[in-house]
file coords17.cif (mmCIF, C-alpha atoms and all ligand atoms)
data_upload
loop_
_atom_site.label_atom_id
_atom_site.label_comp_id
_atom_site.auth_asym_id
_atom_site.auth_seq_id
_atom_site.Cartn_x
_atom_site.Cartn_y
_atom_site.Cartn_z
CA MET A 1 63.96 87.62 289.12
CA LYS A 2 67.41 87.18 287.59
CA ARG A 3 67.32 85.95 283.99
CA LEU A 4 69.33 83.12 282.53
CA ASN A 5 71.35 84.09 279.50
CA GLY A 6 70.21 83.51 275.97
CA ILE A 7 69.91 85.52 272.80
CA HIS A 8 67.33 87.68 271.12
CA LEU A 9 66.37 86.28 267.73
CA PRO A 10 64.58 88.26 265.02
CA VAL A 11 60.83 87.59 265.08
CA LYS A 12 59.88 85.53 262.01
CA LYS A 13 56.48 84.19 262.96
CA ARG A 14 54.77 84.38 259.56
CA THR A 15 52.56 81.47 260.53
CA GLU A 16 51.30 82.68 263.91
CA ASP A 17 47.92 83.63 262.49
CA LYS A 18 47.65 80.59 260.20
CA GLN A 19 44.98 78.24 261.45
CA ILE A 20 45.79 74.54 261.70
CA THR A 21 44.62 72.97 258.43
CA PRO A 22 44.42 69.26 257.61
CA LEU A 23 46.70 68.28 254.72
CA PRO A 24 44.90 66.31 251.96
CA LEU A 25 45.44 62.57 252.35
CA PRO A 26 48.85 61.56 250.94
CA LYS A 27 49.05 58.76 248.34
CA THR A 28 51.74 56.98 250.30
CA VAL A 29 53.17 57.23 253.81
CA ARG A 30 56.52 55.93 255.02
CA ILE A 31 56.51 55.29 258.75
CA PRO A 32 59.92 54.66 260.36
CA MET A 33 60.16 52.27 263.29
CA LEU A 34 62.17 54.77 265.34
CA MET A 35 60.73 58.22 266.07
CA HIS A 36 61.79 58.59 269.71
CA SER A 37 64.98 58.54 271.74
CA GLY A 38 65.61 54.87 272.43
CA SER A 39 65.44 51.60 270.54
CA PRO A 40 63.57 50.97 267.28
CA CYS A 41 60.38 48.91 267.05
CA VAL A 42 60.05 45.66 265.16
CA PRO A 43 57.66 45.76 262.18
CA ILE A 44 54.77 43.29 262.54
CA VAL A 45 53.23 43.87 259.10
CA SER A 46 54.47 42.79 255.69
CA ALA A 47 53.83 43.52 252.01
CA GLY A 48 50.20 43.04 251.03
CA ASP A 49 48.71 43.49 254.52
CA HIS A 50 45.74 45.82 254.86
CA VAL A 51 45.96 48.26 257.78
CA ASP A 52 43.65 50.88 259.26
CA VAL A 53 44.24 54.14 261.12
CA GLY A 54 45.65 53.47 264.58
CA GLN A 55 46.53 49.82 263.92
CA LEU A 56 49.73 48.59 265.54
CA ILE A 57 52.44 48.09 262.89
CA GLY A 58 55.61 48.22 264.98
CA ARG A 59 56.00 46.35 268.28
CA ALA A 60 58.05 47.95 271.08
CA GLU A 61 60.16 45.04 272.31
CA ALA A 62 62.81 47.06 274.15
CA SER A 63 62.04 48.80 277.42
CA ASP A 64 63.10 52.14 275.88
CA ALA A 65 60.62 52.09 273.00
CA VAL A 66 56.99 52.91 272.28
CA PRO A 67 54.88 51.20 269.61
CA VAL A 68 54.32 52.57 266.12
CA HIS A 69 50.84 52.70 264.56
CA SER A 70 49.56 53.18 261.04
CA SER A 71 48.45 56.74 260.33
CA VAL A 72 46.26 55.74 257.37
CA SER A 73 44.04 53.01 255.98
CA GLY A 74 45.76 51.27 253.09
CA THR A 75 47.97 48.45 251.90
CA VAL A 76 51.51 47.84 253.07
CA ARG A 77 53.65 47.90 249.92
CA ARG A 78 56.99 46.94 251.45
CA ILE A 79 59.27 47.26 254.44
CA ILE A 80 62.22 49.44 253.47
CA ARG A 81 65.31 50.80 255.22
CA TYR A 82 64.91 54.45 256.24
CA GLU A 83 67.80 56.77 256.96
CA LEU A 84 67.36 59.06 259.96
CA PRO A 85 69.08 62.50 260.05
CA SER A 86 71.69 60.94 262.37
CA GLY A 87 72.68 58.50 259.61
CA GLN A 88 71.22 55.49 261.45
CA THR A 89 68.99 53.31 259.25
CA VAL A 90 65.86 51.64 260.62
CA PRO A 91 63.01 49.54 259.16
CA CYS A 92 60.12 51.56 257.75
CA ALA A 93 56.63 50.56 256.58
CA GLU A 94 55.62 52.01 253.21
CA ILE A 95 51.83 52.12 252.99
CA GLU A 96 49.72 53.06 249.98
CA THR A 97 46.56 54.79 251.16
CA CYS A 98 43.07 53.79 250.05
CA GLU A 99 40.08 56.04 249.47
CA THR A 100 38.13 55.01 252.54
CA GLN A 101 39.85 55.86 255.78
CA LEU A 102 38.72 53.77 258.75
CA LEU A 103 39.74 53.57 262.37
CA ALA A 104 41.17 50.25 263.55
CA ASP A 105 38.79 48.46 265.91
CA THR A 106 41.49 48.55 268.59
CA CYS A 107 40.93 52.31 268.95
CA ILE A 108 38.78 52.41 272.06
CA PRO A 109 39.20 54.84 274.97
CA PRO A 110 41.47 53.34 277.62
CA VAL A 111 40.43 52.94 281.24
CA ILE A 112 42.67 55.31 283.22
CA ASN A 113 42.02 55.30 286.95
CA THR A 114 45.51 55.04 288.44
CA LYS A 115 49.04 56.30 287.87
CA GLN A 116 50.00 52.91 286.42
CA ASP A 117 47.00 53.07 284.03
CA LEU A 118 48.26 56.45 282.82
CA ILE A 119 51.81 55.16 282.34
CA ASP A 120 50.50 52.14 280.41
CA ALA A 121 48.24 54.33 278.27
CA ALA A 122 51.08 56.75 277.49
CA ARG A 123 53.19 53.82 276.36
CA GLU A 124 50.50 52.03 274.34
CA SER A 125 49.54 55.28 272.60
CA GLY A 126 53.07 55.67 271.21
CA CYS A 127 53.36 59.05 272.95
CA VAL A 128 56.69 60.89 272.75
CA GLY A 129 57.69 64.44 273.68
CA LEU A 130 56.03 66.44 270.91
CA GLY A 131 58.12 69.53 271.57
CA GLY A 132 60.79 67.86 269.45
CA ASP A 133 63.01 66.06 271.95
CA GLY A 134 61.46 62.63 271.40
CA SER A 135 61.70 61.68 275.08
CA LEU A 136 59.47 58.81 276.13
CA THR A 137 56.47 60.24 277.97
CA PHE A 138 55.71 57.00 279.82
CA GLN A 139 59.24 57.06 281.27
CA LYS A 140 58.75 60.61 282.52
CA LEU A 141 55.45 59.66 284.14
CA SER A 142 57.04 56.57 285.74
CA THR A 143 59.14 58.68 288.12
CA ASN A 144 59.64 57.21 291.59
CA HIS A 145 60.21 60.68 293.06
CA PRO A 146 57.13 62.42 294.43
CA VAL A 147 56.23 65.16 291.94
CA GLN A 148 55.53 68.53 293.53
CA MET A 149 55.11 70.58 290.39
CA LEU A 150 54.15 70.10 286.76
CA ILE A 151 55.79 72.62 284.46
CA VAL A 152 54.16 72.89 281.07
CA ASN A 153 56.31 73.95 278.17
CA GLY A 154 54.48 76.37 275.90
CA ALA A 155 57.58 78.45 275.16
CA GLU A 156 58.11 77.49 271.50
CA CYS A 157 61.09 79.82 271.27
CA GLU A 158 62.48 78.78 267.86
CA THR A 159 61.96 81.35 265.12
CA ARG A 160 59.28 80.49 262.56
CA LEU A 161 57.59 77.72 264.59
CA SER A 162 54.00 78.22 265.70
CA ALA A 163 52.49 74.71 265.91
CA ASP A 164 52.29 74.86 269.73
CA GLY A 165 51.15 78.48 269.60
CA ARG A 166 48.23 77.57 267.36
CA LEU A 167 47.28 74.69 269.62
CA MET A 168 47.19 77.03 272.63
CA LEU A 169 44.87 79.33 270.65
CA GLU A 170 42.67 76.71 269.03
CA ALA A 171 42.44 73.92 271.62
CA PRO A 172 43.48 75.24 275.06
CA GLU A 173 40.85 73.02 276.73
CA GLN A 174 42.73 69.92 275.52
CA ILE A 175 45.93 71.17 277.16
CA ILE A 176 44.10 71.87 280.41
CA GLY A 177 42.39 68.44 280.12
CA GLY A 178 45.84 66.82 279.84
CA ILE A 179 47.10 68.80 282.83
CA GLU A 180 44.14 67.70 284.95
CA LEU A 181 44.60 64.07 283.93
CA VAL A 182 48.31 64.02 284.83
CA THR A 183 48.05 66.08 288.03
CA LYS A 184 45.14 64.03 289.35
CA LEU A 185 46.81 60.65 288.86
CA LEU A 186 50.32 61.71 289.88
CA LYS A 187 48.92 63.72 292.82
CA ILE A 188 50.69 66.90 291.72
CA ARG A 189 49.55 69.95 293.64
CA GLU A 190 50.79 72.75 291.42
CA THR A 191 51.07 73.46 287.69
CA ARG A 192 52.88 76.30 285.97
CA ILE A 193 52.52 76.89 282.23
CA GLY A 194 55.34 78.85 280.59
CA VAL A 195 54.34 80.94 277.57
CA ARG A 196 56.41 83.77 276.11
CA ARG A 197 54.96 87.14 276.96
CA ASN A 198 54.87 88.17 273.30
CA ARG A 199 51.98 85.71 272.89
CA PRO A 200 49.25 87.48 274.90
CA ALA A 201 46.37 85.83 273.01
CA ALA A 202 47.67 82.34 273.85
CA ILE A 203 48.12 83.33 277.50
CA GLN A 204 44.54 84.62 277.62
CA GLN A 205 43.14 81.47 276.01
CA LEU A 206 44.90 79.27 278.57
CA LEU A 207 43.71 81.48 281.43
CA ASN A 208 40.13 81.22 280.15
CA ALA A 209 40.35 77.44 279.77
CA ALA A 210 41.87 77.08 283.25
CA ALA A 211 39.31 79.38 284.91
CA ASN A 212 37.68 76.50 286.78
CA SER A 213 40.89 74.60 287.53
CA ARG A 214 42.74 75.03 290.77
CA ASN A 215 46.46 75.59 291.15
CA ILE A 216 47.25 76.28 287.49
CA THR A 217 49.30 79.43 286.88
CA VAL A 218 50.26 80.81 283.48
CA CYS A 219 53.74 82.34 283.68
CA PRO A 220 54.70 84.88 280.99
CA LEU A 221 58.30 84.20 279.90
CA PRO A 222 60.90 86.54 278.40
CA SER A 223 60.81 86.49 274.62
CA ASP A 224 64.46 85.38 274.31
CA TYR A 225 65.75 82.09 272.95
CA PRO A 226 65.97 79.34 274.33
CA GLN A 227 63.09 79.71 276.81
CA GLY A 228 61.92 76.19 275.96
CA ALA A 229 65.15 74.55 277.18
CA GLU A 230 64.23 72.58 280.30
CA LYS A 231 66.54 74.29 282.79
CA VAL A 232 65.75 77.74 281.44
CA LEU A 233 62.01 77.04 281.52
CA ILE A 234 62.13 75.74 285.10
CA PHE A 235 64.07 78.79 286.21
CA HIS A 236 61.75 81.27 284.57
CA THR A 237 58.50 79.59 285.65
CA ALA A 238 59.37 78.34 289.13
CA GLY A 239 62.49 80.31 290.07
CA ILE A 240 64.36 77.05 290.65
CA ALA A 241 67.92 76.64 289.34
CA VAL A 242 68.49 72.94 288.64
CA PRO A 243 72.04 72.24 289.92
CA ASP A 244 74.50 70.54 287.59
CA GLY A 245 74.39 66.81 288.09
CA GLN A 246 70.76 66.83 289.24
CA THR A 247 67.65 66.20 287.21
CA PRO A 248 64.34 68.08 287.44
CA GLU A 249 62.82 64.73 288.47
CA GLU A 250 65.07 64.62 291.55
CA LEU A 251 63.76 68.06 292.51
CA GLY A 252 60.15 66.87 292.21
CA ILE A 253 59.53 68.61 288.88
CA LEU A 254 57.90 67.05 285.84
CA VAL A 255 58.15 68.95 282.53
CA LEU A 256 55.77 68.19 279.67
CA ASN A 257 55.08 70.04 276.44
CA VAL A 258 51.65 71.56 275.65
CA SER A 259 51.15 69.35 272.56
CA THR A 260 52.10 66.22 274.52
CA LEU A 261 49.50 67.01 277.18
CA ALA A 262 46.83 67.77 274.58
CA PHE A 263 47.58 64.44 272.91
CA LEU A 264 47.36 62.51 276.20
CA TYR A 265 43.96 64.08 276.82
CA GLN A 266 42.73 63.21 273.30
CA TYR A 267 43.96 59.65 273.69
CA SER A 268 42.17 59.27 277.01
CA GLN A 269 38.93 60.30 275.27
CA THR A 270 39.26 58.44 271.95
CA GLY A 271 41.89 55.70 272.20
CA ILE A 272 43.40 56.88 268.90
CA PRO A 273 47.19 56.56 269.22
CA LEU A 274 49.75 59.09 268.03
CA VAL A 275 49.21 58.98 264.27
CA GLU A 276 49.21 62.66 263.30
CA ARG A 277 50.79 65.90 264.35
CA VAL A 278 50.82 69.63 263.58
CA VAL A 279 53.78 70.87 261.53
CA THR A 280 54.68 74.50 260.76
CA VAL A 281 55.88 74.86 257.17
CA ASP A 282 57.89 78.01 256.59
CA GLY A 283 61.22 79.38 255.35
CA ASP A 284 62.52 81.76 252.67
CA ALA A 285 61.65 79.26 249.93
CA VAL A 286 58.02 78.89 251.07
CA THR A 287 55.39 81.02 249.33
CA LYS A 288 52.41 79.91 251.43
CA PRO A 289 53.58 79.44 255.04
CA CYS A 290 51.12 77.33 257.02
CA ASN A 291 50.36 75.06 259.95
CA LEU A 292 49.31 71.62 258.77
CA ARG A 293 47.83 68.64 260.57
CA VAL A 294 49.44 65.67 258.83
CA PRO A 295 49.47 61.88 259.16
CA ILE A 296 52.78 60.60 260.53
CA GLY A 297 54.88 59.27 257.64
CA THR A 298 53.65 61.81 255.07
CA PRO A 299 56.44 62.65 252.60
CA VAL A 300 57.81 66.14 253.32
CA THR A 301 57.43 66.88 249.59
CA ASP A 302 53.62 66.75 250.04
CA LEU A 303 53.89 69.53 252.65
CA LEU A 304 56.18 71.56 250.40
CA ASP A 305 53.74 71.21 247.48
CA TYR A 306 50.89 72.41 249.68
CA ALA A 307 52.98 75.37 250.84
CA ALA A 308 53.69 76.33 247.20
CA CYS A 309 57.38 75.69 247.53
CA GLU A 310 59.35 74.74 244.43
CA PRO A 311 61.98 72.08 245.18
CA ASP A 312 64.57 73.63 242.86
CA ARG A 313 64.49 76.82 244.98
CA ILE A 314 65.38 74.89 248.14
CA HIS A 315 68.99 74.81 249.29
CA GLN A 316 68.36 73.54 252.80
CA LEU A 317 65.54 71.58 254.45
CA LEU A 318 65.25 71.42 258.22
CA CYS A 319 63.19 69.15 260.44
CA GLY A 320 62.40 71.44 263.41
CA GLY A 321 63.36 75.08 263.87
CA GLU A 322 66.18 77.15 262.41
CA MET A 323 68.37 76.96 265.54
CA MET A 324 68.11 73.30 266.56
CA GLY A 325 66.54 71.65 263.51
CA GLU A 326 68.26 68.79 261.71
CA CYS A 327 69.04 68.78 257.99
CA ILE A 328 66.87 66.34 256.06
CA THR A 329 66.46 65.40 252.41
CA PHE A 330 63.46 65.35 250.06
CA ARG A 331 63.12 61.62 250.80
CA ALA A 332 62.23 62.29 254.45
CA SER A 333 58.81 61.71 255.99
CA VAL A 334 57.10 63.56 258.82
CA VAL A 335 57.99 61.95 262.15
CA LYS A 336 56.34 62.19 265.57
CA THR A 337 58.86 64.73 266.87
CA GLN A 338 58.65 67.06 263.88
CA ASN A 339 57.13 70.41 264.81
CA GLY A 340 58.51 72.28 261.81
CA LEU A 341 59.62 71.95 258.20
CA ILE A 342 61.80 74.89 257.22
CA ALA A 343 62.81 75.30 253.57
CA SER A 344 65.49 77.89 252.79
CA ASN A 345 66.61 79.14 249.42
CA THR A 346 69.96 80.24 250.81
CA VAL A 347 72.44 78.66 253.16
CA LYS A 348 74.50 81.24 254.99
CA THR A 349 78.18 80.38 255.01
CA TYR A 350 80.69 82.31 257.04
CA GLU A 351 84.46 82.42 256.92
CA GLU A 352 85.59 81.45 260.39
CA SER A 353 88.61 83.16 261.91
CA ALA A 354 90.67 82.95 265.09
CA CYS A 355 89.00 83.65 268.41
CA ILE A 356 89.43 87.25 269.53
CA ARG A 357 88.46 86.45 273.14
CA CYS A 358 85.50 88.80 273.13
CA GLY A 359 83.60 86.58 275.58
CA ARG A 360 80.26 86.88 273.76
CA CYS A 361 79.80 83.11 273.58
CA MET A 362 80.12 82.80 277.37
CA ASN A 363 77.64 85.61 277.94
CA ALA A 364 75.14 83.97 275.61
CA CYS A 365 75.29 80.43 276.99
CA PRO A 366 72.13 79.76 279.05
CA LEU A 367 73.96 77.06 281.01
CA SER A 368 76.96 79.25 281.85
CA LEU A 369 79.34 76.96 279.98
CA MET A 370 82.52 78.26 278.37
CA PRO A 371 82.14 77.54 274.66
CA VAL A 372 85.45 79.20 273.79
CA SER A 373 87.32 76.91 276.20
CA LEU A 374 85.38 73.85 275.05
CA ASP A 375 86.33 74.70 271.46
CA LYS A 376 90.00 74.94 272.44
CA ALA A 377 89.92 71.73 274.49
CA TYR A 378 88.35 69.88 271.56
CA GLN A 379 90.99 71.19 269.10
CA GLN A 380 93.61 69.76 271.48
CA ARG A 381 91.57 66.56 272.00
CA ASP A 382 91.95 67.21 275.73
CA VAL A 383 89.41 64.78 277.14
CA ASN A 384 90.08 65.64 280.78
CA GLN A 385 89.60 69.33 280.15
CA LEU A 386 86.36 68.65 278.22
CA LYS A 387 85.08 66.71 281.22
CA ALA A 388 86.15 69.43 283.64
CA LEU A 389 84.35 72.03 281.52
CA ARG A 390 81.17 69.88 281.66
CA VAL A 391 80.78 69.39 277.92
CA ASP A 392 78.08 66.83 278.75
CA LEU A 393 75.73 69.63 279.86
CA CYS A 394 75.63 71.33 276.45
CA MET A 395 72.13 71.13 274.97
CA ASN A 396 73.19 72.23 271.47
CA CYS A 397 71.01 75.34 271.52
CA GLY A 398 73.37 77.14 269.12
CA CYS A 399 73.43 80.47 271.02
CA CYS A 400 77.24 80.48 271.13
CA THR A 401 77.58 79.95 267.37
CA TYR A 402 74.96 82.61 266.70
CA VAL A 403 76.82 85.34 268.59
CA CYS A 404 80.43 84.40 267.83
CA THR A 405 82.32 87.40 266.46
CA ALA A 406 84.83 85.14 264.73
CA LYS A 407 82.03 83.04 263.17
CA ARG A 408 83.34 79.88 264.76
CA PRO A 409 80.94 76.89 264.58
CA LEU A 410 81.10 76.43 268.36
CA ALA A 411 77.93 74.42 268.89
CA GLU A 412 78.91 71.97 266.15
CA THR A 413 82.40 71.60 267.60
CA ILE A 414 80.94 70.97 271.05
CA GLN A 415 78.72 68.22 269.65
CA SER A 416 81.84 66.62 268.13
CA ALA A 417 83.50 66.95 271.54
CA LYS A 418 80.58 65.13 273.18
CA ALA A 419 80.86 62.40 270.56
CA LEU A 420 84.60 62.14 271.29
CA LEU A 421 83.86 61.60 274.96
CA ALA A 422 81.14 59.08 274.22
S1 LIG B 501 75.31 75.17 272.29
FE1 LIG B 501 75.97 74.44 274.33
S2 LIG B 501 77.74 75.70 274.81
FE2 LIG B 501 76.69 76.72 273.12
S3 LIG B 501 75.33 78.18 274.12
FE3 LIG B 501 74.12 76.31 273.83
S4 LIG B 501 74.38 75.13 275.73
FE4 LIG B 501 75.98 76.73 275.72
S1 LIG B 502 82.42 84.57 270.79
FE1 LIG B 502 83.85 83.62 269.34
S2 LIG B 502 85.50 85.12 269.20
FE2 LIG B 502 84.32 85.64 271.05
S3 LIG B 502 85.33 84.52 272.73
FE3 LIG B 502 83.74 83.20 271.96
S4 LIG B 502 84.80 81.91 270.44
FE4 LIG B 502 86.09 83.66 270.78
#

call {"tool": "encode", "arguments": {"input": "coords17.cif", "output": "structure tokens"}}
result
Amino acid sequence: MKRLNGIHLPVKKRTEDKQITPLPLPKTVRIPMLMHSGSPCVPIVSAGDHVDVGQLIGRAEASDAVPVHSSVSGTVRRIIRYELPSGQTVPCAEIETCETQLLADTCIPPVINTKQDLIDAARESGCVGLGGDGSLTFQKLSTNHPVQMLIVNGAECETRLSADGRLMLEAPEQIIGGIELVTKLLKIRETRIGVRRNRPAAIQQLLNAAANSRNITVCPLPSDYPQGAEKVLIFHTAGIAVPDGQTPEELGILVLNVSTLAFLYQYSQTGIPLVERVVTVDGDAVTKPCNLRVPIGTPVTDLLDYAACEPDRIHQLLCGGEMMGECITFRASVVKTQNGLIASNTVKTYEESACIRCGRCMNACPLSLMPVSLDKAYQQRDVNQLKALRVDLCMNCGCCTYVCTAKRPLAETIQSAKALLA
């Protein structure tokens, strides 16, 4: 099969063999009311309230929101303003933990017999796309198009990240349980799981767990970046090129991440909403790279302490991977979408120069865009040309910046161009 473009990144998976370990209970958590793409929740607790694990603390009033739950037992100290990496500020519950951790009595397994039950459960659980995109899972499940195929994203193509990889090794039966739940209720006949071929142990674990399931295929993917990008994943698992202007949904394809499916399965069994997640902690400044299971809202400094990382050695902190992660500060907390915390002791800076028209950026772009022309159109603030060049399709994967001979910050410029259009 033809391959979509992309780039080969150096392998830096220091954490691939690090088992998922629970982080000791933090003293305080700060849980923002917006951890998904959409509208923020409204806090329904105030200073002095006692809360337990899984208790609702933020109500989803808008249709593009999912509720927020407490990740710990403790006392709400105050509602503060929390600054997201985008600069937007949202309300945030600061909770001091207590010694005894108890589940809220609302945590009971939901009854899920129909598609609508599953959609409702996905919403009530606070589920979002755990691969990092923060999409609302209940919205994806609510599709009106008949779904022919479920494509499961186990690509995890960012350097250093291995949270999904560990889950595939340690709990493949939960992923398969999630697949069976979704395919049964959405009447999906076929499932394809995409895993990079340089993860043979994960592929084998999934094959073993799926031995008694029908119509589940594990598809080994190239080891290039960005295999986890939706269009690239669909192409390399199903051989389907999603045309510009069409969505996977319109083609009868539903894409969900391995961690999201495992969570949906766990929720169907326990009724415990999304209150924790696995985070890979790595980077040049980290002495003890690890995969940690942490309550949502845990200060990132707690993770750095555990990973034997001295703050004064850190020059850059990223939420997510090295290619698509967002810069955060020491005041940040772990959010639902955070699959990685990367601490670097150096920040590479390059002197950019004029384009030499080598064409490398165009060869690298997985979506066949023309980064060099987008860059030029943005410099000229040529809105019509930006539209004609389909700037809206750019997924900010960073491949063009990575390969640019002239060290031009193409991906960043293209994001500015998208903002200009918006
Ligand atoms: S950042 Fe956008 S333009 Fe650049 S390679 Fe990725 S998708 Fe293409
Ligand atoms: S890779 Fe850089 S130098 Fe080469 S064509 Fe693209 S923008 Fe120009």

call {"tool": "residues_near_point", "arguments": {"input": "coords17.cif", "point": "(44.8, 48.6, 251.9)", "cutoff": "7 Å", "atoms": "only C-alpha atoms", "output": "list in words"}}
result
Asp49, His50, Val51, Ser73, Gly74, Thr75, Val76, Glu96, Thr97 and Cys98 of chain A

call {"tool": "write_last_selection", "arguments": {"input": "coords17.cif", "atoms": "C-alpha atoms", "output": "PDB file, in the frame of the given file"}}
result
ATOM      1  CA  ASP A  49      48.710  43.490 254.520  1.00  0.00           C
ATOM      2  CA  HIS A  50      45.740  45.820 254.860  1.00  0.00           C
ATOM      3  CA  VAL A  51      45.960  48.260 257.780  1.00  0.00           C
ATOM      4  CA  SER A  73      44.040  53.010 255.980  1.00  0.00           C
ATOM      5  CA  GLY A  74      45.760  51.270 253.090  1.00  0.00           C
ATOM      6  CA  THR A  75      47.970  48.450 251.900  1.00  0.00           C
ATOM      7  CA  VAL A  76      51.510  47.840 253.070  1.00  0.00           C
ATOM      8  CA  GLU A  96      49.720  53.060 249.980  1.00  0.00           C
ATOM      9  CA  THR A  97      46.560  54.790 251.160  1.00  0.00           C
ATOM     10  CA  CYS A  98      43.070  53.790 250.050  1.00  0.00           C
TER      11      CYS A  98
END

call {"tool": "residues_near_ligand", "arguments": {"input": "coords17.cif", "ligand": "ligand LIG 502 (chain B)", "cutoff": "12 Å", "atoms": "all atoms listed in the file", "output": "PDB file with C-alpha atoms, in the coordinates of the input"}}
result
ATOM      1  CA  GLU A 352      85.590  81.450 260.390  1.00  0.00           C
ATOM      2  CA  SER A 353      88.610  83.160 261.910  1.00  0.00           C
ATOM      3  CA  ALA A 354      90.670  82.950 265.090  1.00  0.00           C
ATOM      4  CA  CYS A 355      89.000  83.650 268.410  1.00  0.00           C
ATOM      5  CA  ILE A 356      89.430  87.250 269.530  1.00  0.00           C
ATOM      6  CA  ARG A 357      88.460  86.450 273.140  1.00  0.00           C
ATOM      7  CA  CYS A 358      85.500  88.800 273.130  1.00  0.00           C
ATOM      8  CA  GLY A 359      83.600  86.580 275.580  1.00  0.00           C
ATOM      9  CA  ARG A 360      80.260  86.880 273.760  1.00  0.00           C
ATOM     10  CA  CYS A 361      79.800  83.110 273.580  1.00  0.00           C
ATOM     11  CA  MET A 362      80.120  82.800 277.370  1.00  0.00           C
ATOM     12  CA  ASN A 363      77.640  85.610 277.940  1.00  0.00           C
ATOM     13  CA  ALA A 364      75.140  83.970 275.610  1.00  0.00           C
ATOM     14  CA  CYS A 365      75.290  80.430 276.990  1.00  0.00           C
ATOM     15  CA  LEU A 369      79.340  76.960 279.980  1.00  0.00           C
ATOM     16  CA  MET A 370      82.520  78.260 278.370  1.00  0.00           C
ATOM     17  CA  PRO A 371      82.140  77.540 274.660  1.00  0.00           C
ATOM     18  CA  VAL A 372      85.450  79.200 273.790  1.00  0.00           C
ATOM     19  CA  SER A 373      87.320  76.910 276.200  1.00  0.00           C
ATOM     20  CA  LEU A 374      85.380  73.850 275.050  1.00  0.00           C
ATOM     21  CA  ASP A 375      86.330  74.700 271.460  1.00  0.00           C
ATOM     22  CA  LYS A 376      90.000  74.940 272.440  1.00  0.00           C
ATOM     23  CA  GLY A 398      73.370  77.140 269.120  1.00  0.00           C
ATOM     24  CA  CYS A 399      73.430  80.470 271.020  1.00  0.00           C
ATOM     25  CA  CYS A 400      77.240  80.480 271.130  1.00  0.00           C
ATOM     26  CA  THR A 401      77.580  79.950 267.370  1.00  0.00           C
ATOM     27  CA  TYR A 402      74.960  82.610 266.700  1.00  0.00           C
ATOM     28  CA  VAL A 403      76.820  85.340 268.590  1.00  0.00           C
ATOM     29  CA  CYS A 404      80.430  84.400 267.830  1.00  0.00           C
ATOM     30  CA  THR A 405      82.320  87.400 266.460  1.00  0.00           C
ATOM     31  CA  ALA A 406      84.830  85.140 264.730  1.00  0.00           C
ATOM     32  CA  LYS A 407      82.030  83.040 263.170  1.00  0.00           C
ATOM     33  CA  ARG A 408      83.340  79.880 264.760  1.00  0.00           C
ATOM     34  CA  PRO A 409      80.940  76.890 264.580  1.00  0.00           C
ATOM     35  CA  LEU A 410      81.100  76.430 268.360  1.00  0.00           C
ATOM     36  CA  ALA A 411      77.930  74.420 268.890  1.00  0.00           C
ATOM     37  CA  THR A 413      82.400  71.600 267.600  1.00  0.00           C
ATOM     38  CA  ILE A 414      80.940  70.970 271.050  1.00  0.00           C
TER      39      ILE A 414
END

call {"tool": "atom_distance", "arguments": {"input": "coords17.cif", "atom1": "CA of Asn396 (chain A)", "atom2": "CA of Ser223 (chain A)"}}
result
19.1 Å

call {"tool": "residues_around", "arguments": {"input": "coords17.cif", "residues": "Gly297 (chain A)", "least_positions_apart": "6", "cutoff": "12 Å", "atoms": "only C-alpha atoms", "output": "CSV table (one decimal) with C-alpha atoms, in the coordinates of the input"}}
result
chain,number,residue,atom,x,y,z
A,25,LEU,CA,45.4,62.6,252.4
A,26,PRO,CA,48.8,61.6,250.9
A,27,LYS,CA,49.0,58.8,248.3
A,28,THR,CA,51.7,57.0,250.3
A,29,VAL,CA,53.2,57.2,253.8
A,30,ARG,CA,56.5,55.9,255.0
A,31,ILE,CA,56.5,55.3,258.8
A,32,PRO,CA,59.9,54.7,260.4
A,33,MET,CA,60.2,52.3,263.3
A,34,LEU,CA,62.2,54.8,265.3
A,35,MET,CA,60.7,58.2,266.1
A,68,VAL,CA,54.3,52.6,266.1
A,69,HIS,CA,50.8,52.7,264.6
A,70,SER,CA,49.6,53.2,261.0
A,71,SER,CA,48.4,56.7,260.3
A,72,VAL,CA,46.3,55.7,257.4
A,82,TYR,CA,64.9,54.4,256.2
A,92,CYS,CA,60.1,51.6,257.8
A,93,ALA,CA,56.6,50.6,256.6
A,94,GLU,CA,55.6,52.0,253.2
A,95,ILE,CA,51.8,52.1,253.0
A,96,GLU,CA,49.7,53.1,250.0
A,97,THR,CA,46.6,54.8,251.2
A,274,LEU,CA,49.8,59.1,268.0
A,275,VAL,CA,49.2,59.0,264.3
A,276,GLU,CA,49.2,62.7,263.3
A,277,ARG,CA,50.8,65.9,264.4
A,303,LEU,CA,53.9,69.5,252.6
A,331,ARG,CA,63.1,61.6,250.8
A,332,ALA,CA,62.2,62.3,254.4
A,333,SER,CA,58.8,61.7,256.0
A,334,VAL,CA,57.1,63.6,258.8
A,335,VAL,CA,58.0,62.0,262.2
A,336,LYS,CA,56.3,62.2,265.6
A,337,THR,CA,58.9,64.7,266.9
A,338,GLN,CA,58.6,67.1,263.9

call {"tool": "closest_residue", "arguments": {"input": "coords17.cif", "among": "A:Val232, A:Ile57, A:Leu421, A:Val278", "to": "ligand LIG 501 (chain B)", "atoms": "all atoms listed in the file"}}
result
A:Val232

call {"tool": "residues_near_point", "arguments": {"input": "coords17.cif", "point": "(46.5, 68.4, 278.0)", "cutoff": "7 Å", "atoms": "all atoms listed in the file", "output": "VMD selection string"}}
result
chain A and resid 174 to 179 258 260 to 265

call {"tool": "atom_distance", "arguments": {"input": "coords17.cif", "atom1": "CA of Lys13 (chain A)", "atom2": "CA of Met324 (chain A)"}}
result
16.3 Å
